[in-house]
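Chemist: Supplied structure: input-v1.cif, mmCIF, C-alpha atoms.
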```cif
data_run
loop_
_atom_site.label_atom_id
_atom_site.label_comp_id
_atom_site.auth_asym_id
_atom_site.auth_seq_id
_atom_site.Cartn_x
_atom_site.Cartn_y
_atom_site.Cartn_z
CA MET A 1 99.30 -9.16 0.43
CA ALA A 2 100.40 -12.64 -0.60
CA ASP A 3 103.95 -13.14 -1.87
CA LEU A 4 104.65 -14.10 -5.45
CA ILE A 5 105.99 -17.60 -5.96
CA GLY A 6 109.72 -17.72 -6.68
CA GLU A 7 110.70 -18.66 -10.22
CA THR A 8 112.49 -21.84 -9.17
CA ARG A 9 109.54 -23.17 -7.22
CA LEU A 10 107.10 -22.18 -9.94
CA ASP A 11 109.15 -23.84 -12.68
CA ALA A 12 109.35 -27.04 -10.63
CA TRP A 13 105.60 -26.96 -10.00
CA LEU A 14 104.84 -26.38 -13.70
CA GLU A 15 106.98 -29.35 -14.70
CA GLU A 16 104.73 -31.65 -12.68
CA ARG A 17 101.43 -30.17 -13.82
CA ALA A 18 99.35 -29.72 -16.95
CA TRP A 19 99.15 -25.97 -16.30
CA SER A 20 101.02 -23.37 -18.34
CA ARG A 21 102.19 -19.92 -17.60
CA ARG A 22 100.52 -17.21 -19.63
CA GLY A 23 101.70 -13.73 -18.71
CA GLU A 24 101.03 -13.17 -15.01
CA ALA A 25 98.70 -16.15 -14.77
CA LEU A 26 98.48 -19.93 -14.78
CA GLU A 27 96.27 -21.39 -17.47
CA ARG A 28 94.87 -24.81 -18.16
CA GLU A 29 92.37 -26.04 -20.74
CA TRP A 30 89.99 -29.00 -20.44
CA SER A 31 87.83 -30.74 -22.99
CA PHE A 32 84.57 -32.53 -22.11
CA GLY A 33 82.17 -34.80 -23.92
CA ASP A 34 79.52 -32.11 -24.21
CA PHE A 35 78.32 -28.73 -22.98
CA ALA A 36 76.65 -30.23 -19.91
CA GLY A 37 79.91 -31.87 -18.88
CA ALA A 38 81.77 -28.61 -19.31
CA LEU A 39 79.16 -26.70 -17.30
CA ALA A 40 79.28 -29.29 -14.49
CA PHE A 41 83.04 -28.76 -14.30
CA VAL A 42 82.55 -24.98 -14.17
CA ASN A 43 80.24 -25.46 -11.20
CA ALA A 44 82.67 -27.79 -9.44
CA VAL A 45 85.43 -25.20 -9.92
CA GLY A 46 83.04 -22.54 -8.65
CA GLY A 47 82.47 -24.54 -5.47
CA LEU A 48 86.21 -24.83 -4.88
CA ALA A 49 86.71 -21.13 -5.61
CA GLU A 50 84.10 -20.19 -3.02
CA SER A 51 85.53 -22.54 -0.41
CA GLN A 52 89.06 -21.19 -0.97
CA GLY A 53 87.92 -17.58 -1.26
CA HIS A 54 89.96 -17.37 -4.47
CA HIS A 55 88.30 -17.04 -7.85
CA PRO A 56 89.78 -17.90 -11.24
CA ASP A 57 88.62 -16.53 -14.56
CA ILE A 58 86.57 -19.29 -16.17
CA THR A 59 85.79 -19.52 -19.88
CA LEU A 60 83.43 -22.13 -21.28
CA HIS A 61 84.00 -21.97 -25.02
CA ASP A 62 83.48 -23.89 -28.25
CA TYR A 63 80.66 -25.98 -26.76
CA ASN A 64 82.68 -28.34 -24.54
CA GLN A 65 85.96 -26.61 -23.65
CA VAL A 66 86.83 -24.91 -20.38
CA ARG A 67 89.81 -22.66 -19.77
CA LEU A 68 90.85 -21.52 -16.31
CA ARG A 69 93.11 -18.57 -15.69
CA LEU A 70 94.46 -18.19 -12.19
CA TRP A 71 96.47 -15.42 -10.59
CA THR A 72 96.41 -13.10 -7.62
CA HIS A 73 95.50 -9.57 -8.66
CA SER A 74 96.77 -7.94 -5.49
CA ALA A 75 100.19 -9.56 -5.91
CA GLY A 76 100.37 -9.06 -9.67
CA GLY A 77 101.12 -12.71 -10.35
CA VAL A 78 101.09 -16.29 -9.07
CA THR A 79 101.01 -16.96 -5.32
CA GLU A 80 100.68 -20.06 -3.14
CA ASN A 81 96.90 -19.49 -3.19
CA ASP A 82 96.93 -20.05 -6.94
CA LEU A 83 98.95 -23.26 -6.74
CA GLU A 84 96.65 -24.55 -4.02
CA LEU A 85 93.50 -23.86 -6.01
CA ALA A 86 95.09 -25.35 -9.17
CA GLU A 87 95.95 -28.53 -7.28
CA ARG A 88 92.41 -28.80 -5.91
CA VAL A 89 91.00 -28.33 -9.40
CA ASP A 90 93.28 -31.08 -10.72
CA GLU A 91 91.88 -33.40 -8.05
CA LEU A 92 88.37 -32.89 -9.47
CA GLN A 93 89.24 -35.00 -12.48
CA MET B 94 73.36 -23.73 -42.79
CA ALA B 95 71.70 -20.71 -41.23
CA ASP B 96 71.83 -17.40 -43.11
CA LEU B 97 73.77 -14.46 -41.78
CA ILE B 98 71.66 -11.55 -40.60
CA GLY B 99 71.61 -8.63 -43.02
CA GLU B 100 73.47 -5.51 -41.93
CA THR B 101 70.35 -3.34 -41.83
CA ARG B 102 68.44 -5.72 -39.61
CA LEU B 103 71.44 -6.30 -37.37
CA ASP B 104 72.08 -2.56 -36.95
CA ALA B 105 68.44 -2.00 -36.03
CA TRP B 106 68.55 -4.87 -33.54
CA LEU B 107 71.77 -3.58 -31.95
CA GLU B 108 70.27 -0.12 -31.49
CA GLU B 109 67.57 -1.59 -29.27
CA ARG B 110 69.82 -3.87 -27.24
CA ALA B 111 72.73 -3.71 -24.81
CA TRP B 112 74.74 -6.07 -27.02
CA SER B 113 77.70 -4.97 -29.12
CA ARG B 114 79.27 -6.32 -32.21
CA ARG B 115 82.80 -7.64 -31.77
CA GLY B 116 84.24 -9.12 -34.93
CA GLU B 117 81.95 -11.91 -36.12
CA ALA B 118 80.14 -12.10 -32.80
CA LEU B 119 77.68 -10.36 -30.51
CA GLU B 120 79.01 -9.57 -27.05
CA ARG B 121 77.48 -8.41 -23.83
CA GLU B 122 78.91 -7.99 -20.36
CA TRP B 123 77.07 -8.25 -17.04
CA SER B 124 78.09 -7.37 -13.52
CA PHE B 125 76.71 -9.13 -10.43
CA GLY B 126 76.87 -8.57 -6.71
CA ASP B 127 79.24 -11.48 -6.16
CA PHE B 128 80.72 -14.64 -7.64
CA ALA B 129 77.70 -16.74 -6.68
CA GLY B 130 75.39 -14.36 -8.54
CA ALA B 131 77.61 -14.51 -11.60
CA LEU B 132 77.74 -18.32 -11.48
CA ALA B 133 73.95 -18.55 -11.14
CA PHE B 134 73.63 -16.43 -14.28
CA VAL B 135 76.09 -18.69 -16.11
CA ASN B 136 73.89 -21.65 -15.22
CA ALA B 137 70.74 -19.90 -16.34
CA VAL B 138 72.40 -19.09 -19.66
CA GLY B 139 73.55 -22.71 -19.87
CA GLY B 140 69.97 -23.89 -19.48
CA LEU B 141 68.81 -21.61 -22.29
CA ALA B 142 71.71 -22.71 -24.48
CA GLU B 143 70.79 -26.36 -24.04
CA SER B 144 67.11 -25.74 -24.72
CA GLN B 145 67.93 -23.75 -27.88
CA GLY B 146 70.69 -26.14 -28.98
CA HIS B 147 72.90 -23.09 -29.43
CA HIS B 148 75.87 -22.43 -27.16
CA PRO B 149 77.60 -19.11 -26.54
CA ASP B 150 81.11 -18.68 -25.23
CA ILE B 151 80.77 -17.74 -21.56
CA THR B 152 83.47 -16.05 -19.49
CA LEU B 153 83.11 -15.52 -15.75
CA HIS B 154 85.90 -13.10 -14.92
CA ASP B 155 87.08 -10.67 -12.27
CA TYR B 156 85.00 -12.34 -9.54
CA ASN B 157 81.55 -11.08 -10.50
CA GLN B 158 81.56 -10.28 -14.23
CA VAL B 159 80.13 -12.40 -17.03
CA ARG B 160 80.78 -11.89 -20.74
CA LEU B 161 78.82 -13.73 -23.41
CA ARG B 162 80.00 -14.06 -26.97
CA LEU B 163 77.46 -15.32 -29.46
CA TRP B 164 77.82 -16.29 -33.08
CA THR B 165 77.16 -19.16 -35.47
CA HIS B 166 80.39 -20.95 -36.38
CA SER B 167 78.95 -22.71 -39.41
CA ALA B 168 77.73 -19.41 -40.87
CA GLY B 169 80.81 -17.39 -39.89
CA GLY B 170 78.79 -14.70 -38.15
CA VAL B 171 75.50 -13.67 -36.59
CA THR B 172 72.29 -15.50 -37.53
CA GLU B 173 68.69 -15.42 -36.32
CA ASN B 174 69.61 -18.17 -33.84
CA ASP B 175 72.00 -15.75 -32.17
CA LEU B 176 69.47 -12.94 -31.92
CA GLU B 177 66.92 -15.35 -30.49
CA LEU B 178 69.29 -16.64 -27.82
CA ALA B 179 70.42 -13.08 -27.01
CA GLU B 180 66.82 -12.01 -26.53
CA ARG B 181 66.12 -14.97 -24.24
CA VAL B 182 69.20 -14.17 -22.19
CA ASP B 183 68.06 -10.56 -21.84
CA GLU B 184 64.75 -11.83 -20.49
CA LEU B 185 66.59 -13.59 -17.66
CA GLN B 186 67.31 -10.29 -15.99
#
```
How does this structure look as structure tokens?
Modeler:
Amino acid sequence: MADLIGETRLDAWLEERAWSRRGEALEREWSFGDFAGALAFVNAVGGLAESQGHHPDITLHDYNQVRLRLWTHSAGGVTENDLELAERVDELQ
Amino acid sequence: MADLIGETRLDAWLEERAWSRRGEALEREWSFGDFAGALAFVNAVGGLAESQGHHPDITLHDYNQVRLRLWTHSAGGVTENDLELAERVDELQ
């Protein structure tokens, strides 16, 4: 079972990123020009998720918005796996 | 602006379908063998949404689950467009 990230490290990471903490998870929201752009992003995230073996909750909503929610169920919160996937997702942009 | 579906017609429709009413929207949940299966379904729904010009909220969650939420913003509830898209989605299976 992966270890939860310490509060100090997580706070420092969050200060440098556009992600927020929401309960046990990290969340970030993106806006695209249209539905097709949002769906392409969902697929790119899906490819990363498969390659990392770590799968976020993905919501495509309000036509062109995508929200990701990332956490590690088995650990009950945010682990290094989550930060790594979040950083990879940020590199997609 | 599209008309809301009457209660009688909507109740009859819901009795024949695996969709539920949740607030102003129709919702249905699917479970797939894995993440890739769930993502393929999301893309199939996306194709229908584009061809109908009507876009549901789509959540891929818990690795292999997909939830659709369908309603017509401009009408503040469920219209014939929603039932039509729901029926097309059901035909995907």
Chemist: Kindly provide the residues of chain B that approach chain A to within 9 Å, each paired with its closest atom pair and their distance in Å to one decimal, based on all atoms listed in the file, listed by chain and increasing number, as CSV.
Modeler:
```
residue,atom,partner,partner_atom,distance
B:Phe128,CA,A:His55,CA,8.0
B:Ala129,CA,A:Gly46,CA,8.1
B:Leu132,CA,A:Gly46,CA,7.3
B:Val135,CA,A:Leu39,CA,8.7
B:Asn136,CA,A:Leu39,CA,7.6
B:Gly139,CA,A:Leu39,CA,7.3
B:Glu143,CA,A:Phe35,CA,8.0
B:His147,CA,A:Tyr63,CA,8.7
B:His148,CA,A:Tyr63,CA,6.0
B:Pro149,CA,A:His61,CA,7.2
B:Asp150,CA,A:His61,CA,4.4
B:Ile151,CA,A:Leu60,CA,5.1
B:Thr152,CA,A:Thr59,CA,4.2
B:Leu153,CA,A:Ile58,CA,5.1
B:His154,CA,A:Asp57,CA,4.4
B:Asp155,CA,A:Asp57,CA,6.5
B:Tyr156,CA,A:His55,CA,6.0
```
Chemist: Please compute the atom CA of Ala168 of chain B-atom CA of Gly37 of chain A distance, one decimal, in Å.
Modeler: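 The value is 25.4 Å.
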Chemist: Apply the PyMOL selection byres ((chain A and resi 23) around 12) to the displayed file and report the matching residues as a ChimeraX atom specification.
Modeler: /A:20-22,24-27,69-71,76-78
Chemist: Output the coordinates of chain B after least-squares fitting to chain A on all in-order C-alpha pairs, as a compact mmCIF listing (two decimals) with C-alpha atoms, in the coordinates of the input.
Modeler:
```txt
# COMPACT_ATOMS: atom_id res chain seq x y z
CA MET B 94 99.34 -9.19 0.46
CA ALA B 95 100.41 -12.67 -0.59
CA ASP B 96 103.96 -13.16 -1.86
CA LEU B 97 104.65 -14.10 -5.45
CA ILE B 98 105.98 -17.60 -5.96
CA GLY B 99 109.71 -17.72 -6.68
CA GLU B 100 110.70 -18.66 -10.22
CA THR B 101 112.49 -21.85 -9.17
CA ARG B 102 109.54 -23.18 -7.23
CA LEU B 103 107.09 -22.18 -9.94
CA ASP B 104 109.16 -23.85 -12.68
CA ALA B 105 109.35 -27.05 -10.64
CA TRP B 106 105.60 -26.96 -10.01
CA LEU B 107 104.83 -26.38 -13.71
CA GLU B 108 106.98 -29.34 -14.72
CA GLU B 109 104.74 -31.65 -12.70
CA ARG B 110 101.43 -30.18 -13.82
CA ALA B 111 99.33 -29.72 -16.96
CA TRP B 112 99.14 -25.97 -16.30
CA SER B 113 101.01 -23.38 -18.34
CA ARG B 114 102.19 -19.93 -17.61
CA ARG B 115 100.51 -17.20 -19.64
CA GLY B 116 101.67 -13.73 -18.71
CA GLU B 117 101.02 -13.18 -15.01
CA ALA B 118 98.69 -16.15 -14.78
CA LEU B 119 98.48 -19.93 -14.78
CA GLU B 120 96.26 -21.40 -17.47
CA ARG B 121 94.86 -24.81 -18.18
CA GLU B 122 92.37 -26.04 -20.74
CA TRP B 123 90.00 -29.00 -20.45
CA SER B 124 87.84 -30.75 -22.99
CA PHE B 125 84.58 -32.53 -22.11
CA GLY B 126 82.18 -34.81 -23.90
CA ASP B 127 79.53 -32.11 -24.21
CA PHE B 128 78.34 -28.73 -22.98
CA ALA B 129 76.66 -30.22 -19.91
CA GLY B 130 79.92 -31.87 -18.87
CA ALA B 131 81.78 -28.61 -19.31
CA LEU B 132 79.16 -26.70 -17.30
CA ALA B 133 79.28 -29.27 -14.49
CA PHE B 134 83.04 -28.76 -14.30
CA VAL B 135 82.57 -24.98 -14.17
CA ASN B 136 80.26 -25.46 -11.20
CA ALA B 137 82.67 -27.77 -9.45
CA VAL B 138 85.43 -25.21 -9.92
CA GLY B 139 83.04 -22.53 -8.65
CA GLY B 140 82.47 -24.53 -5.47
CA LEU B 141 86.21 -24.83 -4.87
CA ALA B 142 86.70 -21.14 -5.60
CA GLU B 143 84.10 -20.18 -3.02
CA SER B 144 85.51 -22.53 -0.40
CA GLN B 145 89.05 -21.19 -0.97
CA GLY B 146 87.91 -17.56 -1.26
CA HIS B 147 89.95 -17.37 -4.45
CA HIS B 148 88.30 -17.02 -7.85
CA PRO B 149 89.79 -17.88 -11.23
CA ASP B 150 88.62 -16.52 -14.55
CA ILE B 151 86.58 -19.29 -16.17
CA THR B 152 85.79 -19.52 -19.88
CA LEU B 153 83.43 -22.14 -21.29
CA HIS B 154 84.02 -21.97 -25.02
CA ASP B 155 83.51 -23.90 -28.23
CA TYR B 156 80.67 -25.98 -26.75
CA ASN B 157 82.69 -28.34 -24.56
CA GLN B 158 85.97 -26.62 -23.65
CA VAL B 159 86.84 -24.92 -20.37
CA ARG B 160 89.83 -22.65 -19.78
CA LEU B 161 90.86 -21.52 -16.32
CA ARG B 162 93.11 -18.57 -15.70
CA LEU B 163 94.47 -18.21 -12.20
CA TRP B 164 96.45 -15.44 -10.59
CA THR B 165 96.42 -13.10 -7.61
CA HIS B 166 95.47 -9.57 -8.66
CA SER B 167 96.75 -7.93 -5.49
CA ALA B 168 100.17 -9.55 -5.91
CA GLY B 169 100.35 -9.08 -9.69
CA GLY B 170 101.12 -12.73 -10.35
CA VAL B 171 101.10 -16.29 -9.07
CA THR B 172 101.02 -16.96 -5.32
CA GLU B 173 100.68 -20.05 -3.14
CA ASN B 174 96.90 -19.48 -3.18
CA ASP B 175 96.94 -20.06 -6.93
CA LEU B 176 98.95 -23.26 -6.73
CA GLU B 177 96.66 -24.55 -4.01
CA LEU B 178 93.51 -23.86 -6.01
CA ALA B 179 95.10 -25.34 -9.15
CA GLU B 180 95.95 -28.51 -7.27
CA ARG B 181 92.40 -28.80 -5.92
CA VAL B 182 90.99 -28.33 -9.40
CA ASP B 183 93.26 -31.07 -10.72
CA GLU B 184 91.88 -33.38 -8.05
CA LEU B 185 88.38 -32.90 -9.45
CA GLN B 186 89.22 -35.00 -12.46
```
Chemist: So, with all atoms listed in the file as the atoms that count, which of B:Ile98, B:Leu185, B:Ala179, B:Ala137 lies closest to Ala111 of chain B?
Modeler: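 Comparing B:Ile98, B:Leu185, B:Ala179, B:Ala137 against Ala111 of chain B, the winner is B:Ala179.
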Chemist: Report, in Å with one decimal, the straight-line distance from atom CA of Leu141 of chain B to atom CA of Phe41 of chain A.
Modeler: 17.8 Å
Chemist: Enter the distance from atom CA of Asp127 of chain B to atom CA of Ala2 of chain A, in Å, rounded to one decimal.
Modeler: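 The value is 21.9 Å.
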Chemist: Let me have the centre and edge lengths of the axis-aligned box enclosing all listed atoms of segment 138-142 of chain B with 6 Å padding on every side, in Å to one decimal, as JSON.
Modeler:
```
{"center_x": 71.2, "center_y": -21.5, "center_z": -22.0, "size_x": 16.7, "size_y": 16.8, "size_z": 17.0}
```
